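In what follows, a structure is listed as structure tokens, so that the remarks can point back to it.
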Amino acid sequence: MSILITGGAGYIGSHTCIELLEAGFNIVVADNLCNSSREALKRVEKLTNKTIPFYPVDVRNQKAMTDVFKAHTIEAVIHFAGLKSVGQSTQMPRTYYDNNVIGTLKLIEVMEQFDVRHLVFSSSATVYGDPSTVPITEDMPTGATTNPYGRSKYIVEEMLKDISIADDKWNFTILRYFNPVGAHKSGQIGEDPKGIPNNLVPFIAQVAVGKREQLSVFGDDYDTKDGTGVRDYIHIVDLAEGHVAALKTHRQDSGLHIYNLGSGTGSSVLEMLKAFEKSCGKTLPHAIQPRRPGDIAECYADPAFAQKALNWKATHTIEAMTDDTWRWQSGNPNGYES
Ligand code: NAD
Ligand code: WQD
């Protein structure tokens with residue numbers, strides 16, 4: 001029996017592959033490599049000393065996906081495959097709905113054909129929009145999303161709810177990630193954004209390694225501890241372990257389960273910058289710029305429900321997140337192309 005990992009060559013997928021293999025699961029990866037590199041999986045194989053069956057396929061290609069299900073006995077699917085750039089989604093909404101929404105629907109159809117009913121879905125804290133209070137619990141309102149990417153995640157969540165109501169054989173787990181950062185301790189795998197990074201920590205890392213001149217801090221006039229945006233950064237290995245915990249907890253279940261995967265701690269942009277400066281031993285140039293449209297002041301999880309139900313907890317500190325990012329970035333200044 002194997003776990004099928006769609007998008008397994010990507011940032012979160014590759015780290016989750018390591019944790020699954022180390023927990024004794026067999027895995028199979030399907031990824032069209034539109035935002036990742038085959039090299040990531042080769043490094044996972046080296047680190048774990050295991051071979052990963054890999055299929056360079058698009059999840060929307062039902063014929064190719066059927067062949068994957070025919071070749072392996074799949075027990076469950078962790079569905080990472082999707083597009084994730086907020087800015088790009090506003091320029092190319094059809095592409096985002098097609099990949100993220102239709103892609104999930106097509107995957108579910110193939111799963112049903114093979115009577116594979118266990119799906120773990122990568123959702124996002126973005127489904128909460130601008131929350132009225134923090135910390136955010138799973139029962140807080142969702143749907144007031146501010147961009148097509150966020151809406152694609154919200155639509156899939158609603159779709160999974162409806163499907164599980166109509167057919168109680170389905171076993172869906174929705175994981176709402178907060179802000180994943182960091183890299184594997186080995187420094188061999190990490191986040192490798194194409195082009196200019198949209199997210200804070202990859203941008204800081206590229207300033208530290210000399211690829212970008214300075215960090216733009218988007219706004220210092222929010223009603224937060226130091227005026228800059230506050231987020232719940234979660235170490236990628238904690239996040240990956242959350243998937244293993246969710247998979248194990250709900251292995252024999254049915255129905256729909258929703259969890260926040262966050263650390264429960266809010267950190268500001270300036271706090272992250274300071275932590276990174278300590279990790280790399282340099283002062284990093286930055287300039288205060290206007291707020292980024294669509295940003296919210298503060299967002300962090302109440303992770304209590306996931307801690308209790310999944311017997312899982314994020315344990316890595318901010319320092320570990322920036323130390324590990326720096327180890328990866330300094331050792332691989334050009335990512336997997338180094
Ligand atoms: P990523 O881009 O590194 O990984 C996604 C992977 O999916 C890539 O390897 C890409 O090549 C693959 N892919 C995309 N479309 C595909 C398709 N149609 N068929 C096959 N493969 C396809 O992104 P990530 O950060 O690892 O994110 C994984 C998932 O988690 C995504 O669904 C993303 O929306 C979600 N998520 C990410 C974050 C974050 O900040 N990184 C936060 C919340 C949710
Ligand atoms: C964090 C903070 C910025 C870059 C996004 C998506 C979300 C999820 C995670 C996928 C904010 C500030 C950033 C920079 C800055 N992804 N910042 N200068 O916006 O919380 O979430 O990624 O699901 O859906 O929206 O993350 O890392 O972009 O920003 O000052 O160059 O850093 O304003 O306060 P965000 P982020």
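Residues are referred to by chain and number: the chain letter is A, B, ... according to the order shown in the structure tokens, the number counts from 1 in that chain, and ligands are numbered separately from 1 in the order shown.
Look at Met1 of chain A: the protein and nucleic acid residues within 10 Å of it, using only C-alpha atoms and passing over chain neighbours fewer than 4 places away, are Phe25, Asn26, Ile27, His72, Thr73, Ile74, Glu75 and Ala76 of chain A.
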With the cut-off set at 8 Å and counting only C-alpha atoms and all ligand atoms, tabulate each residue of chain A with an atom at most that distance from an atom of ligand 2, showing the nearest atom pair and its distance in Å to one decimal, ordered by chain and increasing number, as JSON lines.
```
{"residue": "A:Lys84", "atom": "CA", "partner": "ligand 2", "partner_atom_place_in_ligand_line": "10 (C)", "distance": 5.5}
{"residue": "A:Ser85", "atom": "CA", "partner": "ligand 2", "partner_atom_place_in_ligand_line": "10 (C)", "distance": 7.1}
{"residue": "A:Val86", "atom": "CA", "partner": "ligand 2", "partner_atom_place_in_ligand_line": "25 (O)", "distance": 5.9}
{"residue": "A:Ser123", "atom": "CA", "partner": "ligand 2", "partner_atom_place_in_ligand_line": "23 (O)", "distance": 6.9}
{"residue": "A:Ser124", "atom": "CA", "partner": "ligand 2", "partner_atom_place_in_ligand_line": "23 (O)", "distance": 4.6}
{"residue": "A:Ala125", "atom": "CA", "partner": "ligand 2", "partner_atom_place_in_ligand_line": "24 (O)", "distance": 6.5}
{"residue": "A:Thr126", "atom": "CA", "partner": "ligand 2", "partner_atom_place_in_ligand_line": "24 (O)", "distance": 4.6}
{"residue": "A:Tyr149", "atom": "CA", "partner": "ligand 2", "partner_atom_place_in_ligand_line": "24 (O)", "distance": 7.4}
{"residue": "A:Gly150", "atom": "CA", "partner": "ligand 2", "partner_atom_place_in_ligand_line": "24 (O)", "distance": 6.3}
{"residue": "A:Tyr177", "atom": "CA", "partner": "ligand 2", "partner_atom_place_in_ligand_line": "23 (O)", "distance": 7.0}
{"residue": "A:Phe178", "atom": "CA", "partner": "ligand 2", "partner_atom_place_in_ligand_line": "9 (C)", "distance": 6.4}
{"residue": "A:Asn179", "atom": "CA", "partner": "ligand 2", "partner_atom_place_in_ligand_line": "9 (C)", "distance": 4.9}
{"residue": "A:Pro180", "atom": "CA", "partner": "ligand 2", "partner_atom_place_in_ligand_line": "9 (C)", "distance": 7.1}
{"residue": "A:Pro197", "atom": "CA", "partner": "ligand 2", "partner_atom_place_in_ligand_line": "31 (O)", "distance": 7.5}
{"residue": "A:Asn198", "atom": "CA", "partner": "ligand 2", "partner_atom_place_in_ligand_line": "28 (O)", "distance": 5.4}
{"residue": "A:Asn199", "atom": "CA", "partner": "ligand 2", "partner_atom_place_in_ligand_line": "27 (O)", "distance": 3.3}
{"residue": "A:Leu200", "atom": "CA", "partner": "ligand 2", "partner_atom_place_in_ligand_line": "4 (C)", "distance": 3.7}
{"residue": "A:Val201", "atom": "CA", "partner": "ligand 2", "partner_atom_place_in_ligand_line": "27 (O)", "distance": 6.3}
{"residue": "A:Pro202", "atom": "CA", "partner": "ligand 2", "partner_atom_place_in_ligand_line": "27 (O)", "distance": 8.0}
{"residue": "A:Phe203", "atom": "CA", "partner": "ligand 2", "partner_atom_place_in_ligand_line": "31 (O)", "distance": 5.8}
{"residue": "A:Ile204", "atom": "CA", "partner": "ligand 2", "partner_atom_place_in_ligand_line": "31 (O)", "distance": 7.5}
{"residue": "A:Leu215", "atom": "CA", "partner": "ligand 2", "partner_atom_place_in_ligand_line": "31 (O)", "distance": 5.8}
{"residue": "A:Ser216", "atom": "CA", "partner": "ligand 2", "partner_atom_place_in_ligand_line": "18 (N)", "distance": 5.0}
{"residue": "A:Val217", "atom": "CA", "partner": "ligand 2", "partner_atom_place_in_ligand_line": "30 (O)", "distance": 3.5}
{"residue": "A:Phe218", "atom": "CA", "partner": "ligand 2", "partner_atom_place_in_ligand_line": "30 (O)", "distance": 3.9}
{"residue": "A:Gly219", "atom": "CA", "partner": "ligand 2", "partner_atom_place_in_ligand_line": "30 (O)", "distance": 6.8}
{"residue": "A:Thr228", "atom": "CA", "partner": "ligand 2", "partner_atom_place_in_ligand_line": "34 (O)", "distance": 6.4}
{"residue": "A:Gly229", "atom": "CA", "partner": "ligand 2", "partner_atom_place_in_ligand_line": "34 (O)", "distance": 3.5}
{"residue": "A:Val230", "atom": "CA", "partner": "ligand 2", "partner_atom_place_in_ligand_line": "34 (O)", "distance": 5.8}
{"residue": "A:Arg231", "atom": "CA", "partner": "ligand 2", "partner_atom_place_in_ligand_line": "20 (O)", "distance": 5.9}
{"residue": "A:Ser268", "atom": "CA", "partner": "ligand 2", "partner_atom_place_in_ligand_line": "34 (O)", "distance": 7.2}
{"residue": "A:Val269", "atom": "CA", "partner": "ligand 2", "partner_atom_place_in_ligand_line": "32 (O)", "distance": 5.3}
{"residue": "A:Arg291", "atom": "CA", "partner": "ligand 2", "partner_atom_place_in_ligand_line": "33 (O)", "distance": 6.7}
{"residue": "A:Arg292", "atom": "CA", "partner": "ligand 2", "partner_atom_place_in_ligand_line": "33 (O)", "distance": 5.8}
{"residue": "A:Asp295", "atom": "CA", "partner": "ligand 2", "partner_atom_place_in_ligand_line": "33 (O)", "distance": 5.9}
{"residue": "A:Ile296", "atom": "CA", "partner": "ligand 2", "partner_atom_place_in_ligand_line": "34 (O)", "distance": 7.1}
{"residue": "A:Ala297", "atom": "CA", "partner": "ligand 2", "partner_atom_place_in_ligand_line": "34 (O)", "distance": 6.8}
{"residue": "A:Glu298", "atom": "CA", "partner": "ligand 2", "partner_atom_place_in_ligand_line": "34 (O)", "distance": 7.7}
{"residue": "A:Cys299", "atom": "CA", "partner": "ligand 2", "partner_atom_place_in_ligand_line": "20 (O)", "distance": 7.5}
```
Written selection (N, CA, C and O atoms) as a short mmCIF file (atom, residue, chain, number, x, y, z; two decimals), in the first residue's frame:
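The result, stored in result_2.cif:
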```
data_model
loop_
_atom_site.label_atom_id
_atom_site.label_comp_id
_atom_site.auth_asym_id
_atom_site.auth_seq_id
_atom_site.Cartn_x
_atom_site.Cartn_y
_atom_site.Cartn_z
N LYS A 84 0.10 28.65 -6.39
CA LYS A 84 -0.02 29.30 -5.08
C LYS A 84 0.33 30.78 -5.02
O LYS A 84 0.43 31.34 -3.94
N SER A 85 0.53 31.41 -6.19
CA SER A 85 0.91 32.82 -6.12
C SER A 85 -0.33 33.72 -6.13
O SER A 85 -1.10 33.74 -7.10
N VAL A 86 -0.48 34.46 -5.04
CA VAL A 86 -1.65 35.35 -4.91
C VAL A 86 -1.67 36.37 -6.05
O VAL A 86 -2.68 36.56 -6.73
N SER A 123 -5.07 23.21 2.26
CA SER A 123 -5.77 24.48 2.22
C SER A 123 -4.90 25.54 2.88
O SER A 123 -3.70 25.31 3.11
N SER A 124 -5.49 26.67 3.17
CA SER A 124 -4.66 27.80 3.59
C SER A 124 -5.44 28.68 4.57
O SER A 124 -6.67 28.79 4.47
N ALA A 125 -4.69 29.34 5.44
CA ALA A 125 -5.31 30.31 6.35
C ALA A 125 -5.97 31.45 5.57
O ALA A 125 -6.78 32.18 6.13
N THR A 126 -5.64 31.55 4.31
CA THR A 126 -6.23 32.61 3.47
C THR A 126 -7.76 32.46 3.38
O THR A 126 -8.45 33.45 3.11
N TYR A 149 -6.71 33.05 -5.90
CA TYR A 149 -6.03 31.92 -5.26
C TYR A 149 -6.79 31.50 -4.00
O TYR A 149 -7.12 30.33 -3.81
N GLY A 150 -7.07 32.49 -3.15
CA GLY A 150 -7.78 32.19 -1.90
C GLY A 150 -9.16 31.59 -2.18
O GLY A 150 -9.58 30.63 -1.52
N TYR A 177 -2.92 25.65 6.26
CA TYR A 177 -1.57 26.04 6.65
C TYR A 177 -1.53 27.53 6.92
O TYR A 177 -2.12 28.32 6.18
N PHE A 178 -0.71 27.93 7.89
CA PHE A 178 -0.45 29.35 8.10
C PHE A 178 0.77 29.72 7.23
O PHE A 178 0.70 29.53 6.03
N ASN A 179 1.86 30.20 7.76
CA ASN A 179 2.96 30.62 6.87
C ASN A 179 4.15 29.68 6.97
O ASN A 179 5.00 29.85 7.85
N PRO A 180 4.23 28.69 6.07
CA PRO A 180 5.34 27.73 6.14
C PRO A 180 6.67 28.38 5.73
O PRO A 180 6.74 29.05 4.70
N PRO A 197 10.83 36.38 -5.27
CA PRO A 197 9.96 35.76 -4.26
C PRO A 197 8.83 36.70 -3.82
O PRO A 197 9.05 37.90 -3.65
N ASN A 198 7.64 36.15 -3.66
CA ASN A 198 6.51 36.93 -3.17
C ASN A 198 6.50 36.95 -1.65
O ASN A 198 5.98 37.88 -1.04
N ASN A 199 7.02 35.89 -1.05
CA ASN A 199 6.87 35.71 0.40
C ASN A 199 8.07 36.27 1.15
O ASN A 199 9.18 36.37 0.62
N LEU A 200 7.81 36.64 2.40
CA LEU A 200 8.79 37.37 3.19
C LEU A 200 10.12 36.62 3.38
O LEU A 200 11.18 37.16 3.06
N VAL A 201 10.06 35.42 3.91
CA VAL A 201 11.32 34.75 4.30
C VAL A 201 12.18 34.41 3.08
O VAL A 201 13.39 34.68 3.09
N PRO A 202 11.62 33.88 1.99
CA PRO A 202 12.47 33.66 0.82
C PRO A 202 13.08 34.97 0.28
O PRO A 202 14.21 34.97 -0.19
N PHE A 203 12.33 36.07 0.41
CA PHE A 203 12.88 37.35 -0.06
C PHE A 203 14.07 37.75 0.82
O PHE A 203 15.14 38.11 0.32
N ILE A 204 13.87 37.69 2.13
CA ILE A 204 14.98 38.05 3.05
C ILE A 204 16.19 37.17 2.75
O ILE A 204 17.33 37.63 2.70
N LEU A 215 15.26 44.48 1.38
CA LEU A 215 13.87 44.05 1.64
C LEU A 215 12.97 45.28 1.68
O LEU A 215 13.29 46.28 2.33
N SER A 216 11.83 45.19 0.99
CA SER A 216 10.79 46.20 1.17
C SER A 216 9.87 45.72 2.28
O SER A 216 9.32 44.62 2.18
N VAL A 217 9.75 46.51 3.32
CA VAL A 217 8.82 46.16 4.40
C VAL A 217 7.49 46.83 4.05
O VAL A 217 7.41 48.06 3.99
N PHE A 218 6.49 46.00 3.81
CA PHE A 218 5.22 46.54 3.31
C PHE A 218 4.36 47.10 4.44
O PHE A 218 3.46 46.43 4.93
N GLY A 219 4.66 48.32 4.84
CA GLY A 219 3.83 49.02 5.83
C GLY A 219 4.37 48.88 7.24
O GLY A 219 4.72 47.78 7.67
N THR A 228 4.40 46.57 11.87
CA THR A 228 4.51 45.75 10.65
C THR A 228 3.59 44.52 10.78
O THR A 228 3.15 44.17 11.88
N GLY A 229 3.32 43.87 9.66
CA GLY A 229 2.37 42.76 9.61
C GLY A 229 2.80 41.59 10.49
O GLY A 229 4.00 41.28 10.58
N VAL A 230 1.84 40.97 11.13
CA VAL A 230 2.12 39.83 12.02
C VAL A 230 1.53 38.56 11.43
O VAL A 230 0.37 38.52 11.01
N ARG A 231 2.37 37.51 11.37
CA ARG A 231 1.94 36.22 10.81
C ARG A 231 2.38 35.07 11.71
O ARG A 231 3.30 35.21 12.51
N SER A 268 6.27 39.56 13.81
CA SER A 268 6.18 40.69 12.88
C SER A 268 7.26 40.58 11.80
O SER A 268 8.21 39.80 11.93
N VAL A 269 7.11 41.39 10.78
CA VAL A 269 8.11 41.43 9.70
C VAL A 269 9.48 41.80 10.27
O VAL A 269 10.49 41.15 9.97
N ARG A 291 1.88 49.89 2.33
CA ARG A 291 1.25 48.58 2.53
C ARG A 291 1.07 47.87 1.19
O ARG A 291 0.80 48.54 0.18
N ARG A 292 1.14 46.54 1.19
CA ARG A 292 0.86 45.76 -0.03
C ARG A 292 -0.66 45.56 -0.11
O ARG A 292 -1.26 45.10 0.87
N ASP A 295 -3.14 42.91 1.87
CA ASP A 295 -2.56 42.38 3.12
C ASP A 295 -3.43 42.71 4.32
O ASP A 295 -4.12 43.72 4.34
N ILE A 296 -3.34 41.85 5.32
CA ILE A 296 -4.04 42.12 6.58
C ILE A 296 -3.01 42.38 7.66
O ILE A 296 -1.82 42.09 7.47
N ALA A 297 -3.47 42.96 8.78
CA ALA A 297 -2.53 43.33 9.83
C ALA A 297 -1.97 42.10 10.54
O ALA A 297 -0.76 41.93 10.68
N GLU A 298 -2.89 41.22 10.95
CA GLU A 298 -2.47 40.18 11.87
C GLU A 298 -3.20 38.87 11.57
O GLU A 298 -4.41 38.88 11.33
N CYS A 299 -2.47 37.78 11.62
CA CYS A 299 -3.08 36.48 11.35
C CYS A 299 -2.26 35.41 12.06
O CYS A 299 -1.08 35.24 11.75
#
```
Worksheet entry | Env. residues ligand 1 / 7 Å / only C-alpha atoms and all ligand atoms / as a PyMOL selection string | chain A and resi 6-13+30-36+57-60+80-84+99+103+122-125+176-180+191
Worksheet entry | Ile174 of chain A environment, 12 Å, only C-alpha atoms, sequence neighbours closer than 6 positions dropped, as an MDAnalysis selection string | chainID A and resid 78:80 118:125 127 138 153:154 156:161 242:243 246:247 250 255:261 306
Worksheet entry | Å distance separating atom CA of Ser89 of chain A from atom CA of Ala301 of chain A, one decimal place | 24.4 Å
Please, which residues in segment 7-71 of chain A fall within 10 Å of segment 237-241 of chain A when counting only C-alpha atoms, and what is the closest atom pair and distance in Å to one decimal for each, ordered by chain then residue number, as JSON lines?
```
{"residue": "A:Ile12", "atom": "CA", "partner": "A:Ala240", "partner_atom": "CA", "distance": 6.9}
{"residue": "A:Gly13", "atom": "CA", "partner": "A:Ala240", "partner_atom": "CA", "distance": 7.9}
{"residue": "A:Ser14", "atom": "CA", "partner": "A:Ala240", "partner_atom": "CA", "distance": 8.9}
{"residue": "A:His15", "atom": "CA", "partner": "A:Ala240", "partner_atom": "CA", "distance": 6.0}
{"residue": "A:Thr16", "atom": "CA", "partner": "A:Ala240", "partner_atom": "CA", "distance": 4.4}
{"residue": "A:Cys17", "atom": "CA", "partner": "A:Ala240", "partner_atom": "CA", "distance": 8.1}
{"residue": "A:Ile18", "atom": "CA", "partner": "A:Ala240", "partner_atom": "CA", "distance": 8.4}
{"residue": "A:Glu19", "atom": "CA", "partner": "A:Glu241", "partner_atom": "CA", "distance": 6.3}
{"residue": "A:Leu20", "atom": "CA", "partner": "A:Glu241", "partner_atom": "CA", "distance": 8.1}
{"residue": "A:Ala23", "atom": "CA", "partner": "A:Glu241", "partner_atom": "CA", "distance": 9.4}
```
Store the residues of this selection in a file with N, CA and C atoms, as an mmCIF file, in the first residue's frame.
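This went into out-v6.cif:
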```cif
data_model
loop_
_atom_site.group_PDB
_atom_site.id
_atom_site.type_symbol
_atom_site.label_atom_id
_atom_site.label_comp_id
_atom_site.auth_asym_id
_atom_site.auth_seq_id
_atom_site.Cartn_x
_atom_site.Cartn_y
_atom_site.Cartn_z
ATOM 1 N N ILE A 12 6.469 22.084 0.119
ATOM 2 C CA ILE A 12 5.888 21.354 1.263
ATOM 3 C C ILE A 12 5.889 19.852 0.969
ATOM 4 N N GLY A 13 5.613 19.509 -0.293
ATOM 5 C CA GLY A 13 5.555 18.097 -0.682
ATOM 6 C C GLY A 13 6.867 17.373 -0.430
ATOM 7 N N SER A 14 7.984 17.981 -0.831
ATOM 8 C CA SER A 14 9.273 17.280 -0.702
ATOM 9 C C SER A 14 9.606 17.040 0.778
ATOM 10 N N HIS A 15 9.322 18.025 1.614
ATOM 11 C CA HIS A 15 9.590 17.828 3.052
ATOM 12 C C HIS A 15 8.651 16.779 3.646
ATOM 13 N N THR A 16 7.430 16.747 3.160
ATOM 14 C CA THR A 16 6.478 15.743 3.672
ATOM 15 C C THR A 16 6.888 14.345 3.216
ATOM 16 N N CYS A 17 7.432 14.239 1.996
ATOM 17 C CA CYS A 17 7.919 12.927 1.518
ATOM 18 C C CYS A 17 8.942 12.363 2.509
ATOM 19 N N ILE A 18 9.861 13.204 2.958
ATOM 20 C CA ILE A 18 10.892 12.729 3.902
ATOM 21 C C ILE A 18 10.239 12.196 5.179
ATOM 22 N N GLU A 19 9.324 12.986 5.738
ATOM 23 C CA GLU A 19 8.706 12.578 7.017
ATOM 24 C C GLU A 19 7.881 11.305 6.843
ATOM 25 N N LEU A 20 7.204 11.172 5.710
ATOM 26 C CA LEU A 20 6.400 9.960 5.470
ATOM 27 C C LEU A 20 7.306 8.739 5.339
ATOM 28 N N ALA A 23 8.582 7.740 8.560
ATOM 29 C CA ALA A 23 7.542 7.133 9.416
ATOM 30 C C ALA A 23 7.148 5.740 8.907
#
```
Fill in: Residues flagged strand (DSSP E or B) by DSSP in segment 60-216 of chain A, as a list in words
Ile74, Glu75, Ala76, Val77, Ile78, His79, His118, Leu119, Val120, Phe121, Ser122, Ser123, Ser124, Ile136, Asn171, Phe172, Thr173, Ile174, Leu175, Arg176, Tyr177, Asn179, Pro180, Val181, Leu215 and Ser216 of chain A
